[in-house]
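Below: data04.pdb (PDB, C-alpha atoms)
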```pdb
ATOM      1  CA  MET A 884     -22.299 -11.733 -33.673
ATOM      2  CA  ASN A 885     -23.713 -12.787 -30.335
ATOM      3  CA  ALA A 886     -23.466 -10.353 -27.470
ATOM      4  CA  ARG A 887     -23.664 -11.586 -23.923
ATOM      5  CA  ILE A 888     -22.723 -10.459 -20.481
ATOM      6  CA  ILE A 889     -20.538 -12.737 -18.395
ATOM      7  CA  GLU A 890     -20.450 -12.338 -14.643
ATOM      8  CA  VAL A 891     -16.941 -12.435 -13.252
ATOM      9  CA  ARG A 892     -15.582 -11.659  -9.832
ATOM     10  CA  HIS A 893     -12.044 -10.690 -10.420
ATOM     11  CA  GLY A 894      -9.993  -8.452  -8.189
ATOM     12  CA  VAL A 895      -8.030  -6.247 -10.547
ATOM     13  CA  LEU A 896      -4.903  -6.712  -8.444
ATOM     14  CA  ARG A 897      -5.452 -10.436  -7.985
ATOM     15  CA  LYS A 898      -2.148 -11.367  -9.581
ATOM     16  CA  ASN A 899      -0.250  -9.075  -7.233
ATOM     17  CA  ASP A 900      -2.280 -10.291  -4.259
ATOM     18  CA  GLU A 901      -1.598 -13.945  -5.073
ATOM     19  CA  LEU A 902       2.083 -13.277  -5.499
ATOM     20  CA  ALA A 903       2.165 -11.323  -2.241
ATOM     21  CA  ARG A 904       0.500 -14.214  -0.432
ATOM     22  CA  ALA A 905       3.132 -16.579  -1.789
ATOM     23  CA  LEU A 906       5.887 -14.197  -0.680
ATOM     24  CA  ARG A 907       4.350 -13.914   2.774
ATOM     25  CA  ALA A 908       4.314 -17.696   3.103
ATOM     26  CA  ARG A 909       7.936 -17.827   1.969
ATOM     27  CA  PHE A 910       8.971 -15.161   4.485
ATOM     28  CA  GLU A 911       7.143 -16.924   7.283
ATOM     29  CA  ALA A 912       8.678 -20.269   6.418
ATOM     30  CA  ALA A 913      12.142 -18.714   6.482
ATOM     31  CA  GLY A 914      11.371 -16.811   9.703
ATOM     32  CA  VAL A 915      11.906 -13.376   8.132
ATOM     33  CA  PHE A 916       9.927 -10.478   9.542
ATOM     34  CA  VAL A 917       9.190  -8.046   6.698
ATOM     35  CA  VAL A 918       8.461  -4.346   7.109
ATOM     36  CA  ASN A 919       7.164  -2.159   4.263
ATOM     37  CA  LEU A 920       8.031   1.518   4.780
ATOM     38  CA  VAL A 921       5.795   3.937   2.890
ATOM     39  CA  SER A 922       5.641   7.733   2.797
ATOM     40  CA  GLY A 923       5.694  10.745   0.542
ATOM     41  CA  PRO A 924       9.056  11.794  -0.940
ATOM     42  CA  GLY A 925      11.382  13.281   1.644
ATOM     43  CA  ALA A 926       9.589  12.139   4.789
ATOM     44  CA  GLY A 927      12.794  10.513   6.000
ATOM     45  CA  LYS A 928      12.491   6.821   5.196
ATOM     46  CA  THR A 929      16.170   6.458   4.323
ATOM     47  CA  ALA A 930      17.413   8.429   7.339
ATOM     48  CA  LEU A 931      15.258   6.357   9.651
ATOM     49  CA  LEU A 932      16.364   3.146   8.012
ATOM     50  CA  GLU A 933      20.053   4.090   8.313
ATOM     51  CA  ARG A 934      19.661   4.451  12.083
ATOM     52  CA  THR A 935      17.453   1.402  12.340
ATOM     53  CA  LEU A 936      19.791  -0.931  10.477
ATOM     54  CA  ALA A 937      22.757   0.274  12.516
ATOM     55  CA  ALA A 938      20.888  -0.110  15.803
ATOM     56  CA  LEU A 939      19.494  -3.574  15.099
ATOM     57  CA  ARG A 940      22.552  -5.135  13.476
ATOM     58  CA  PRO A 941      24.217  -6.302  16.677
ATOM     59  CA  GLU A 942      21.146  -8.294  17.710
ATOM     60  CA  LEU A 943      19.338  -9.235  14.484
ATOM     61  CA  ARG A 944      20.305 -10.172  10.951
ATOM     62  CA  VAL A 945      18.793  -7.252   9.057
ATOM     63  CA  ALA A 946      18.671  -6.381   5.370
ATOM     64  CA  ALA A 947      16.938  -3.882   3.125
ATOM     65  CA  LEU A 948      15.389  -3.608  -0.321
ATOM     66  CA  VAL A 949      15.164  -0.062  -1.574
ATOM     67  CA  GLY A 950      12.754   1.050  -4.266
ATOM     68  CA  ASP A 951      13.671   4.134  -6.242
ATOM     69  CA  LEU A 952      12.633   5.511  -9.604
ATOM     70  CA  ALA A 953      16.101   6.156 -10.936
ATOM     71  CA  THR A 954      19.007   6.642  -8.559
ATOM     72  CA  GLU A 955      20.927   4.292  -6.321
ATOM     73  CA  ASN A 956      21.670   7.010  -3.788
ATOM     74  CA  ASP A 957      19.510   5.527  -1.050
ATOM     75  CA  ALA A 958      20.933   2.029  -1.417
ATOM     76  CA  THR A 959      24.464   3.438  -1.305
ATOM     77  CA  ARG A 960      23.634   5.332   1.896
ATOM     78  CA  LEU A 961      22.086   2.287   3.525
ATOM     79  CA  ALA A 962      24.897  -0.063   2.520
ATOM     80  CA  ARG A 963      27.219   1.949   4.786
ATOM     81  CA  SER A 964      25.483   0.320   7.752
ATOM     82  CA  GLY A 965      27.131  -2.938   6.678
ATOM     83  CA  ALA A 966      23.764  -4.663   6.254
ATOM     84  CA  PRO A 967      22.974  -6.354   2.925
ATOM     85  CA  VAL A 968      21.105  -3.873   0.739
ATOM     86  CA  ARG A 969      19.606  -4.274  -2.697
ATOM     87  CA  GLN A 970      18.269  -1.616  -4.998
ATOM     88  CA  ILE A 971      15.070  -2.025  -6.987
ATOM     89  CA  SER A 972      15.015   0.507  -9.808
ATOM     90  CA  THR A 973      11.399   0.926 -10.778
ATOM     91  CA  GLY A 974      12.052   3.129 -13.807
ATOM     92  CA  THR A 975       8.835   5.006 -14.414
ATOM     93  CA  THR A 976       6.747   2.961 -12.007
ATOM     94  CA  CYS A 977       5.755   4.961  -8.949
ATOM     95  CA  HIS A 978       5.438   2.053  -6.499
ATOM     96  CA  LEU A 979       6.804  -1.407  -5.750
ATOM     97  CA  GLU A 980       4.868  -4.515  -6.760
ATOM     98  CA  ALA A 981       5.150  -8.022  -5.348
ATOM     99  CA  GLN A 982       6.844  -9.260  -8.544
ATOM    100  CA  MET A 983       9.635  -6.672  -8.170
ATOM    101  CA  VAL A 984      10.250  -7.850  -4.613
ATOM    102  CA  ALA A 985      10.266 -11.495  -5.721
ATOM    103  CA  ASP A 986      12.775 -10.674  -8.484
ATOM    104  CA  ALA A 987      14.993  -8.699  -6.121
ATOM    105  CA  LEU A 988      15.165 -11.628  -3.696
ATOM    106  CA  ASP A 989      16.674 -13.867  -6.329
ATOM    107  CA  GLY A 990      19.741 -15.586  -4.951
ATOM    108  CA  TRP A 991      19.268 -14.258  -1.423
ATOM    109  CA  ASP A 992      19.305 -16.788   1.377
ATOM    110  CA  LEU A 993      16.225 -15.821   3.385
ATOM    111  CA  ASP A 994      17.122 -18.305   6.106
ATOM    112  CA  ALA A 995      20.098 -16.090   6.899
ATOM    113  CA  LEU A 996      17.835 -13.104   7.700
ATOM    114  CA  ASP A 997      15.687 -12.091  10.658
ATOM    115  CA  VAL A 998      14.261  -8.773   9.482
ATOM    116  CA  LEU A 999      13.890  -7.395   5.966
ATOM    117  CA  PHE A1000      12.953  -3.762   5.434
ATOM    118  CA  ILE A1001      11.429  -2.719   2.143
ATOM    119  CA  GLU A1002      11.727   1.003   1.493
ATOM    120  CA  ASN A1003       8.955   1.780  -0.963
ATOM    121  CA  VAL A1004       9.051   4.511  -3.596
ATOM    122  CA  GLY A1005       8.276   7.918  -2.071
ATOM    123  CA  ASN A1006       4.613   8.291  -2.919
ATOM    124  CA  LEU A1007       1.514   8.554  -0.740
ATOM    125  CA  VAL A1008      -0.909   7.181  -3.309
ATOM    126  CA  CYS A1009       0.170   4.193  -5.352
ATOM    127  CA  PRO A1010       2.070   1.989  -2.845
ATOM    128  CA  ALA A1011      -1.140   1.687  -0.808
ATOM    129  CA  SER A1012      -2.713  -0.622  -3.380
ATOM    130  CA  TYR A1013       0.134  -3.143  -3.609
ATOM    131  CA  ASP A1014       0.637  -5.826  -0.996
ATOM    132  CA  LEU A1015       4.314  -6.845  -0.955
ATOM    133  CA  GLY A1016       3.903  -9.789   1.395
ATOM    134  CA  GLU A1017       4.965  -7.705   4.371
ATOM    135  CA  ARG A1018       3.993  -8.410   7.947
ATOM    136  CA  LEU A1019       4.039  -4.761   9.026
ATOM    137  CA  ARG A1020       3.258  -1.653   6.998
ATOM    138  CA  VAL A1021       4.628   1.550   8.464
ATOM    139  CA  VAL A1022       3.655   4.983   7.147
ATOM    140  CA  LEU A1023       5.998   7.921   7.801
ATOM    141  CA  PHE A1024       4.591  11.400   8.020
ATOM    142  CA  SER A1025       7.000  14.296   8.569
ATOM    143  CA  VAL A1026       6.064  17.413  10.491
ATOM    144  CA  THR A1027       6.786  19.537   7.411
ATOM    145  CA  GLU A1028       4.132  17.909   5.246
ATOM    146  CA  GLY A1029       1.010  19.578   6.554
ATOM    147  CA  GLU A1030      -1.380  18.137   9.104
ATOM    148  CA  ASP A1031      -4.092  17.383   6.542
ATOM    149  CA  LYS A1032      -2.091  14.792   4.588
ATOM    150  CA  PRO A1033      -3.953  11.846   6.157
ATOM    151  CA  LEU A1034      -7.241  13.309   4.927
ATOM    152  CA  LYS A1035      -5.830  13.815   1.439
ATOM    153  CA  TYR A1036      -4.285  10.344   1.241
ATOM    154  CA  PRO A1037      -6.575   8.231   3.420
ATOM    155  CA  THR A1038      -5.886   4.870   1.771
ATOM    156  CA  ILE A1039      -2.221   4.732   2.697
ATOM    157  CA  PHE A1040      -2.878   5.699   6.313
ATOM    158  CA  ASN A1041      -5.829   3.341   6.503
ATOM    159  CA  SER A1042      -3.778   0.400   5.260
ATOM    160  CA  ALA A1043      -0.880   0.998   7.679
ATOM    161  CA  ASP A1044      -0.233  -0.855  10.951
ATOM    162  CA  LEU A1045       1.862   1.877  12.506
ATOM    163  CA  ALA A1046       2.487   5.576  11.833
ATOM    164  CA  LEU A1047       5.721   7.427  12.517
ATOM    165  CA  VAL A1048       5.659  11.202  12.799
ATOM    166  CA  THR A1049       9.182  12.130  11.697
ATOM    167  CA  LYS A1050      11.502  15.153  11.917
ATOM    168  CA  THR A1051      10.043  16.152  15.268
ATOM    169  CA  ASP A1052      13.218  18.137  16.018
ATOM    170  CA  ILE A1053      11.900  20.871  13.712
ATOM    171  CA  ALA A1054       8.221  20.583  14.697
ATOM    172  CA  GLU A1055       8.233  23.867  16.555
ATOM    173  CA  ALA A1056       9.986  25.770  13.774
ATOM    174  CA  VAL A1057       7.397  24.684  11.214
ATOM    175  CA  GLU A1058       4.512  25.237  13.679
ATOM    176  CA  PHE A1059       3.412  21.628  13.493
ATOM    177  CA  GLU A1060      -0.032  21.210  15.020
ATOM    178  CA  ARG A1061       0.344  17.907  16.753
ATOM    179  CA  ASP A1062      -3.217  17.459  17.998
ATOM    180  CA  LEU A1063      -4.647  18.225  14.575
ATOM    181  CA  ALA A1064      -2.280  15.771  12.886
ATOM    182  CA  TYR A1065      -3.208  13.023  15.351
ATOM    183  CA  ARG A1066      -6.907  13.774  14.918
ATOM    184  CA  ASN A1067      -6.575  13.500  11.146
ATOM    185  CA  ILE A1068      -4.609  10.240  11.301
ATOM    186  CA  HIS A1069      -7.202   8.748  13.594
ATOM    187  CA  ALA A1070     -10.071  10.010  11.419
ATOM    188  CA  VAL A1071      -8.915   7.761   8.593
ATOM    189  CA  ARG A1072      -7.578   4.958  10.803
ATOM    190  CA  PRO A1073      -9.007   4.927  14.313
ATOM    191  CA  GLY A1074      -6.612   3.456  16.851
ATOM    192  CA  LEU A1075      -3.511   3.533  14.640
ATOM    193  CA  PRO A1076      -0.470   3.563  16.957
ATOM    194  CA  ILE A1077       1.724   6.628  16.416
ATOM    195  CA  ILE A1078       5.391   7.058  17.365
ATOM    196  CA  GLU A1079       7.219  10.374  17.101
ATOM    197  CA  THR A1080      10.801  10.219  15.882
ATOM    198  CA  SER A1081      13.707  12.416  14.944
ATOM    199  CA  ALA A1082      16.371  10.454  13.127
ATOM    200  CA  ARG A1083      18.702  13.451  13.394
ATOM    201  CA  GLN A1084      18.500  13.749  17.165
ATOM    202  CA  GLU A1085      17.748  10.051  17.639
ATOM    203  CA  ASP A1086      14.634  10.954  19.618
ATOM    204  CA  GLY A1087      11.928   8.345  19.654
ATOM    205  CA  LEU A1088      14.178   5.744  18.090
ATOM    206  CA  ASP A1089      13.980   3.590  21.203
ATOM    207  CA  ALA A1090      10.192   3.579  21.003
ATOM    208  CA  TRP A1091      10.348   2.665  17.302
ATOM    209  CA  LEU A1092      12.930  -0.068  17.868
ATOM    210  CA  GLY A1093      10.873  -1.346  20.796
ATOM    211  CA  ALA A1094       7.775  -1.554  18.589
ATOM    212  CA  LEU A1095       9.773  -3.401  15.933
ATOM    213  CA  ARG A1096      11.143  -5.883  18.462
ATOM    214  CA  GLN A1097       7.668  -6.459  19.833
ATOM    215  CA  HIS A1098       6.119  -7.075  16.385
ATOM    216  CA  HIS A1099       9.066  -9.251  15.414
ATOM    217  CA  GLY A1100       8.612 -11.296  18.603
ATOM    218  CA  GLU A1101       4.882 -11.674  17.977
ATOM    219  CA  ALA A1102       5.512 -12.748  14.389
ATOM    220  CA  ALA A1103       8.096 -15.309  15.495
ATOM    221  CA  ALA A1104       5.701 -16.684  18.104
ATOM    222  CA  THR A1105       2.856 -17.250  15.643
ATOM    223  CA  VAL A1106       4.846 -19.131  13.034
TER     224      VAL A1106
ATOM    225  CA  MET B 556      -0.409   7.795 -11.006
ATOM    226  CA  HIS B 557      -0.647   4.018 -10.815
ATOM    227  CA  GLU B 558      -3.955   3.950 -12.670
ATOM    228  CA  LEU B 559      -2.200   3.028 -15.901
ATOM    229  CA  SER B 560      -0.646  -0.075 -14.271
ATOM    230  CA  ILE B 561      -4.062  -0.910 -12.891
ATOM    231  CA  ALA B 562      -5.730  -0.408 -16.269
ATOM    232  CA  VAL B 563      -3.152  -2.697 -17.884
ATOM    233  CA  SER B 564      -3.854  -5.379 -15.239
ATOM    234  CA  MET B 565      -7.574  -4.991 -15.929
ATOM    235  CA  VAL B 566      -7.172  -5.339 -19.670
ATOM    236  CA  GLU B 567      -4.991  -8.450 -19.250
ATOM    237  CA  ALA B 568      -7.500 -10.060 -16.905
ATOM    238  CA  VAL B 569     -10.447  -9.261 -19.158
ATOM    239  CA  CYS B 570      -8.643 -10.521 -22.269
ATOM    240  CA  GLU B 571      -7.973 -13.866 -20.558
ATOM    241  CA  GLU B 572     -11.594 -14.182 -19.498
ATOM    242  CA  ALA B 573     -12.863 -13.144 -22.932
ATOM    243  CA  GLU B 574     -10.612 -15.587 -24.768
ATOM    244  CA  ARG B 575     -11.688 -18.389 -22.456
ATOM    245  CA  ASN B 576     -15.240 -17.646 -23.557
ATOM    246  CA  GLY B 577     -14.403 -17.522 -27.240
ATOM    247  CA  ALA B 578     -15.026 -13.809 -27.594
ATOM    248  CA  GLU B 579     -13.898 -11.806 -30.579
ATOM    249  CA  ARG B 580     -14.565  -8.498 -28.976
ATOM    250  CA  VAL B 581     -15.348  -6.997 -25.572
ATOM    251  CA  SER B 582     -17.726  -4.047 -25.585
ATOM    252  CA  ALA B 583     -18.089  -3.273 -21.893
ATOM    253  CA  VAL B 584     -16.343  -3.867 -18.599
ATOM    254  CA  TYR B 585     -18.172  -3.429 -15.305
ATOM    255  CA  LEU B 586     -16.060  -2.408 -12.355
ATOM    256  CA  LYS B 587     -16.734  -1.818  -8.669
ATOM    257  CA  LEU B 588     -14.557   0.989  -7.352
ATOM    258  CA  GLY B 589     -14.424   1.641  -3.622
ATOM    259  CA  ALA B 590     -13.955   5.124  -2.241
ATOM    260  CA  LEU B 591     -11.031   3.759  -0.202
ATOM    261  CA  SER B 592      -9.408   1.840  -3.069
ATOM    262  CA  GLY B 593      -6.811   4.547  -3.628
ATOM    263  CA  VAL B 594      -7.682   4.708  -7.306
ATOM    264  CA  VAL B 595      -8.789   7.915  -8.982
ATOM    265  CA  ARG B 596     -11.842   7.352 -11.142
ATOM    266  CA  ASP B 597     -11.060   9.819 -13.945
ATOM    267  CA  ALA B 598      -7.430   8.760 -14.208
ATOM    268  CA  LEU B 599      -8.523   5.135 -14.430
ATOM    269  CA  ALA B 600     -11.116   5.876 -17.125
ATOM    270  CA  PHE B 601      -8.498   7.705 -19.192
ATOM    271  CA  SER B 602      -5.883   4.973 -18.682
ATOM    272  CA  PHE B 603      -8.385   2.269 -19.572
ATOM    273  CA  ASP B 604      -8.839   3.624 -23.102
ATOM    274  CA  VAL B 605      -5.080   3.782 -23.562
ATOM    275  CA  ALA B 606      -4.535   0.246 -22.228
ATOM    276  CA  ALA B 607      -7.416  -1.171 -24.280
ATOM    277  CA  ALA B 608      -6.095   0.115 -27.612
ATOM    278  CA  GLY B 609      -5.008  -2.695 -29.907
ATOM    279  CA  THR B 610      -6.627  -5.436 -27.793
ATOM    280  CA  LEU B 611      -9.985  -7.224 -27.783
ATOM    281  CA  LEU B 612     -11.156  -4.383 -25.579
ATOM    282  CA  GLU B 613     -10.460  -1.586 -28.035
ATOM    283  CA  GLY B 614     -13.309   0.911 -27.814
ATOM    284  CA  ALA B 615     -14.980  -0.903 -24.905
ATOM    285  CA  SER B 616     -16.831   1.201 -22.382
ATOM    286  CA  LEU B 617     -15.826   1.115 -18.735
ATOM    287  CA  GLU B 618     -18.862   1.143 -16.473
ATOM    288  CA  ILE B 619     -17.760   2.147 -12.986
ATOM    289  CA  GLU B 620     -19.943   1.581  -9.968
ATOM    290  CA  ASP B 621     -18.738   3.765  -7.110
ATOM    291  CA  VAL B 622     -18.853   1.940  -3.804
ATOM    292  CA  PRO B 623     -19.136   4.144  -0.714
ATOM    293  CA  VAL B 624     -17.279   3.317   2.490
ATOM    294  CA  VAL B 625     -19.391   1.275   4.896
ATOM    295  CA  VAL B 626     -18.155   0.792   8.459
ATOM    296  CA  PHE B 627     -19.372  -1.490  11.188
ATOM    297  CA  CYS B 628     -20.195   0.330  14.408
ATOM    298  CA  PRO B 629     -19.592  -1.897  17.434
ATOM    299  CA  ARG B 630     -21.864   0.280  19.581
ATOM    300  CA  CYS B 631     -24.848   0.356  17.177
ATOM    301  CA  ARG B 632     -24.032  -3.201  16.065
ATOM    302  CA  ALA B 633     -24.850  -2.133  12.534
ATOM    303  CA  GLU B 634     -23.190  -1.371   9.216
ATOM    304  CA  GLN B 635     -23.309   2.319   8.421
ATOM    305  CA  PRO B 636     -22.483   4.017   5.106
ATOM    306  CA  LEU B 637     -20.279   7.072   5.500
ATOM    307  CA  PRO B 638     -21.060  10.442   3.977
ATOM    308  CA  ASP B 639     -18.646  11.799   1.350
ATOM    309  CA  ARG B 640     -15.877  12.996   3.600
ATOM    310  CA  LEU B 641     -13.838  10.152   4.982
ATOM    311  CA  ASP B 642     -13.986  10.091   8.750
ATOM    312  CA  LEU B 643     -14.103   6.586  10.129
ATOM    313  CA  ARG B 644     -16.623   7.080  12.869
ATOM    314  CA  CYS B 645     -20.214   5.908  13.024
ATOM    315  CA  PRO B 646     -22.418   8.533  11.353
ATOM    316  CA  ALA B 647     -25.228   7.644  13.777
ATOM    317  CA  CYS B 648     -23.489   7.685  17.176
ATOM    318  CA  GLY B 649     -20.021   9.152  16.482
ATOM    319  CA  MET B 650     -18.014   6.165  17.711
ATOM    320  CA  PRO B 651     -14.646   5.787  15.880
ATOM    321  CA  THR B 652     -14.349   2.440  14.143
ATOM    322  CA  PRO B 653     -11.551   0.992  11.996
ATOM    323  CA  ASP B 654     -13.837  -1.857  10.878
ATOM    324  CA  VAL B 655     -14.307  -1.115   7.153
ATOM    325  CA  ARG B 656     -16.832  -3.487   5.597
ATOM    326  CA  GLN B 657     -17.029  -1.948   2.144
ATOM    327  CA  GLY B 658     -15.162   0.641   0.105
ATOM    328  CA  ARG B 659     -11.865  -1.076  -0.724
ATOM    329  CA  GLU B 660     -13.258  -2.731  -3.881
ATOM    330  CA  LEU B 661     -11.301  -2.720  -7.100
ATOM    331  CA  GLU B 662     -13.082  -5.535  -8.793
ATOM    332  CA  ILE B 663     -14.325  -6.493 -12.228
ATOM    333  CA  THR B 664     -17.878  -7.799 -11.826
ATOM    334  CA  ALA B 665     -18.916  -8.506 -15.429
ATOM    335  CA  ILE B 666     -17.869  -8.137 -19.042
ATOM    336  CA  GLU B 667     -19.929  -7.867 -22.198
ATOM    337  CA  ILE B 668     -18.505  -9.991 -24.985
ATOM    338  CA  HIS B 669     -19.299 -10.633 -28.637
ATOM    339  CA  SER B 670     -18.638 -13.990 -30.234
TER     340      SER B 670
END
```
What would the structure in this file look like if it were written as C-alpha cells?
Amino acid sequence: MNARIIEVRHGVLRKNDELARALRARFEAAGVFVVNLVSGPGAGKTALLERTLAALRPELRVAALVGDLATENDATRLARSGAPVRQISTGTTCHLEAQMVADALDGWDLDALDVLFIENVGNLVCPASYDLGERLRVVLFSVTEGEDKPLKYPTIFNSADLALVTKTDIAEAVEFERDLAYRNIHAVRPGLPIIETSARQEDGLDAWLGALRQHHGEAAATV
Amino acid sequence: MHELSIAVSMVEAVCEEAERNGAERVSAVYLKLGALSGVVRDALAFSFDVAAAGTLLEGASLEIEDVPVVVFCPRCRAEQPLPDRLDLRCPACGMPTPDVRQGRELEITAIEIHS
C-alpha cells in the first residue's frame, strides 16, 4: 500500500456556505430582506418577533421561519400576528442550517415578501457557524443572562451585525450592570451597534424598528 | 454541541477527496481550527472518531493546528496576534479593532491516504 499526503483546502462548512450564498442570491433577486435572530434560550426572540411582525405588517410584507428542537409553540404564537409563519423542527439538531431554510421555503412565493425573519434555535454556540443566507444577523442578550456572556460565547457576538439587550424592564431588579455588559460586547466585537429593548413594555421597539427599516432600505438600494 | 454535525461534514468531504484519489484508506486528517471558529477542540476530536467509524477514515488520526486570533490594527498598520483571552484590541497600542484577519478557520488542509 502506498501512503501519501494530499494537500487540500477545504472549508469544513463549504457545503453550507455554498448553499447559503445561493440562498442569499435568491433572496436578493426576489427583493427579500432576511434577518437571522440568534440568542440563548429564553432571551426573548419570540416575544420580540411577535411585536415586530405586528408593527411592520401594515407597511411591509413580513414572514417568519421559526427553528425549534421539538415544539411548535413559537410558530403558533407568531402566527397570531397574521403574518405567514413556518416551523422548522430540527429534531436533535441544535441550530439551523442553510439546507433546512431552503427546504422550508419550498412552495413559498418570495416575490410576495419584503422581510423574512428567521428565528434560530435558542443556542449561543452552534448557530454562529452556519450562514443561512441572511443579510442581517441580530444577537439578543437579555439582562438576566449575566454580563459575561459575550466573553463566554465570543463567536456569536463577533459574527453579529447588531445586538439587542432585551428585557430591560427588569434590568434594575436583576442588578444588570449595563456598562460592564457593553464593555464585554465591544471586547469581542468592537463597534457593534446595541439597542436596548423591552418587548413587554414596548420600550426601544421604535429604535429597533428604525434600525430594521434603515437596513432594509440600504439592502433595497444596493440590489 | 454542533461538533458532531461538523465532524460528519468533515468525514463526508474527506471521503469524497479520498475516493477521487483512489484511496482505500485515510490515516490522517489535518485541520486548521481558529480560536474564533466556535468549535470546541475536544468535542470535535471525540465526534471525529464517532463519525469516522465504518468509513474510509475509520481509525484515522485528526491532527489539529490551533490558529490564534490575529487582528489588524489600523493605528499600528500591522497584524497583531492576540493573547489567549479574546479582547479585540491591538495588544501593542490598545486600539479596539473588529478587523479579524485570522482565527475563524475551520479548514481541512491535507489528508494522508493509502492506495
May I have the residues within 9 Å of Ala958 of chain A as a PyMOL selection string, using only C-alpha atoms and disregarding those fewer than 6 positions away in the same chain?
-> chain A and resi 929+947-951+968-970
Counting all atoms listed in the file, give me one row per residue of chain A with an atom at most 6 Å from an atom of chain B, showing the shortest contact pair and its distance in Å to one decimal, sorted by chain then residue number, as CSV.
```
residue,atom,partner,partner_atom,distance
A:Met884,CA,B:Ser670,CA,5.5
A:Asn885,CA,B:His669,CA,5.2
A:Ala886,CA,B:His669,CA,4.3
A:Arg887,CA,B:Ile668,CA,5.5
A:Ile888,CA,B:Glu667,CA,4.2
A:Ile889,CA,B:Ile666,CA,5.4
A:Glu890,CA,B:Ala665,CA,4.2
A:Val891,CA,B:Ala665,CA,4.9
A:Arg892,CA,B:Thr664,CA,4.9
A:His893,CA,B:Ile663,CA,5.1
A:Gly894,CA,B:Glu662,CA,4.3
A:Val895,CA,B:Glu662,CA,5.4
A:Cys1009,CA,B:His557,CA,5.5
A:Thr1038,CA,B:Gly593,CA,5.5
A:Ala1070,CA,B:Asp642,CA,4.7
A:Val1071,CA,B:Leu643,CA,5.5
A:Arg1072,CA,B:Pro653,CA,5.7
A:Pro1073,CA,B:Pro653,CA,5.2
```
Write out as an mmCIF file with C-alpha atoms, keeping the file's coordinate frame the residues lying within 7 Å of Ala987 of chain A, counting only C-alpha atoms and excluding same-chain residues fewer than 3 positions away.
```
data_model
loop_
_atom_site.group_PDB
_atom_site.id
_atom_site.type_symbol
_atom_site.label_atom_id
_atom_site.label_comp_id
_atom_site.auth_asym_id
_atom_site.auth_seq_id
_atom_site.Cartn_x
_atom_site.Cartn_y
_atom_site.Cartn_z
ATOM 1 C CA ILE A 971 15.070 -2.025 -6.987
ATOM 2 C CA MET A 983 9.635 -6.672 -8.170
ATOM 3 C CA VAL A 984 10.250 -7.850 -4.613
#
```
Just how far from atom CA of Val921 of chain A is atom CA of Ala1056 of chain A, in Å to one decimal?
->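 A separation of 24.8 Å between them.
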Starting from the displayed file, determine the output of the PyMOL selection byres ((chain A and resi 1027) around 8) and express the residue list as a compact mmCIF listing (two decimals) with C-alpha atoms, keeping the file's coordinate frame.
```txt
# COMPACT_ATOMS: atom_id res chain seq x y z
CA SER A 1025 7.00 14.30 8.57
CA VAL A 1026 6.06 17.41 10.49
CA GLU A 1028 4.13 17.91 5.25
CA GLY A 1029 1.01 19.58 6.55
CA LYS A 1050 11.50 15.15 11.92
CA ALA A 1054 8.22 20.58 14.70
CA VAL A 1057 7.40 24.68 11.21
CA PHE A 1059 3.41 21.63 13.49
```
Arg1020 of chain A environment, 9 Å, all atoms listed in the file, sequence neighbours closer than 5 positions dropped, as a VMD selection string | chain A and resid 917 to 921 1042 to 1046
Residues just named, written with C-alpha atoms as a PDB file, in the frame of the given file:
```pdb
ATOM      1  CA  VAL A 917       9.190  -8.046   6.698  1.00  0.00           C
ATOM      2  CA  VAL A 918       8.461  -4.346   7.109  1.00  0.00           C
ATOM      3  CA  ASN A 919       7.164  -2.159   4.263  1.00  0.00           C
ATOM      4  CA  LEU A 920       8.031   1.518   4.780  1.00  0.00           C
ATOM      5  CA  VAL A 921       5.795   3.937   2.890  1.00  0.00           C
ATOM      6  CA  SER A1042      -3.778   0.400   5.260  1.00  0.00           C
ATOM      7  CA  ALA A1043      -0.880   0.998   7.679  1.00  0.00           C
ATOM      8  CA  ASP A1044      -0.233  -0.855  10.951  1.00  0.00           C
ATOM      9  CA  LEU A1045       1.862   1.877  12.506  1.00  0.00           C
ATOM     10  CA  ALA A1046       2.487   5.576  11.833  1.00  0.00           C
TER      11      ALA A1046
END
```
If you count all atoms listed in the file, which residues fall within 7 Å of Leu1047 of chain A, apart from same-chain ones fewer than 4 positions away, as a PyMOL selection string?
-> chain A and resi 1022-1024+1077-1080
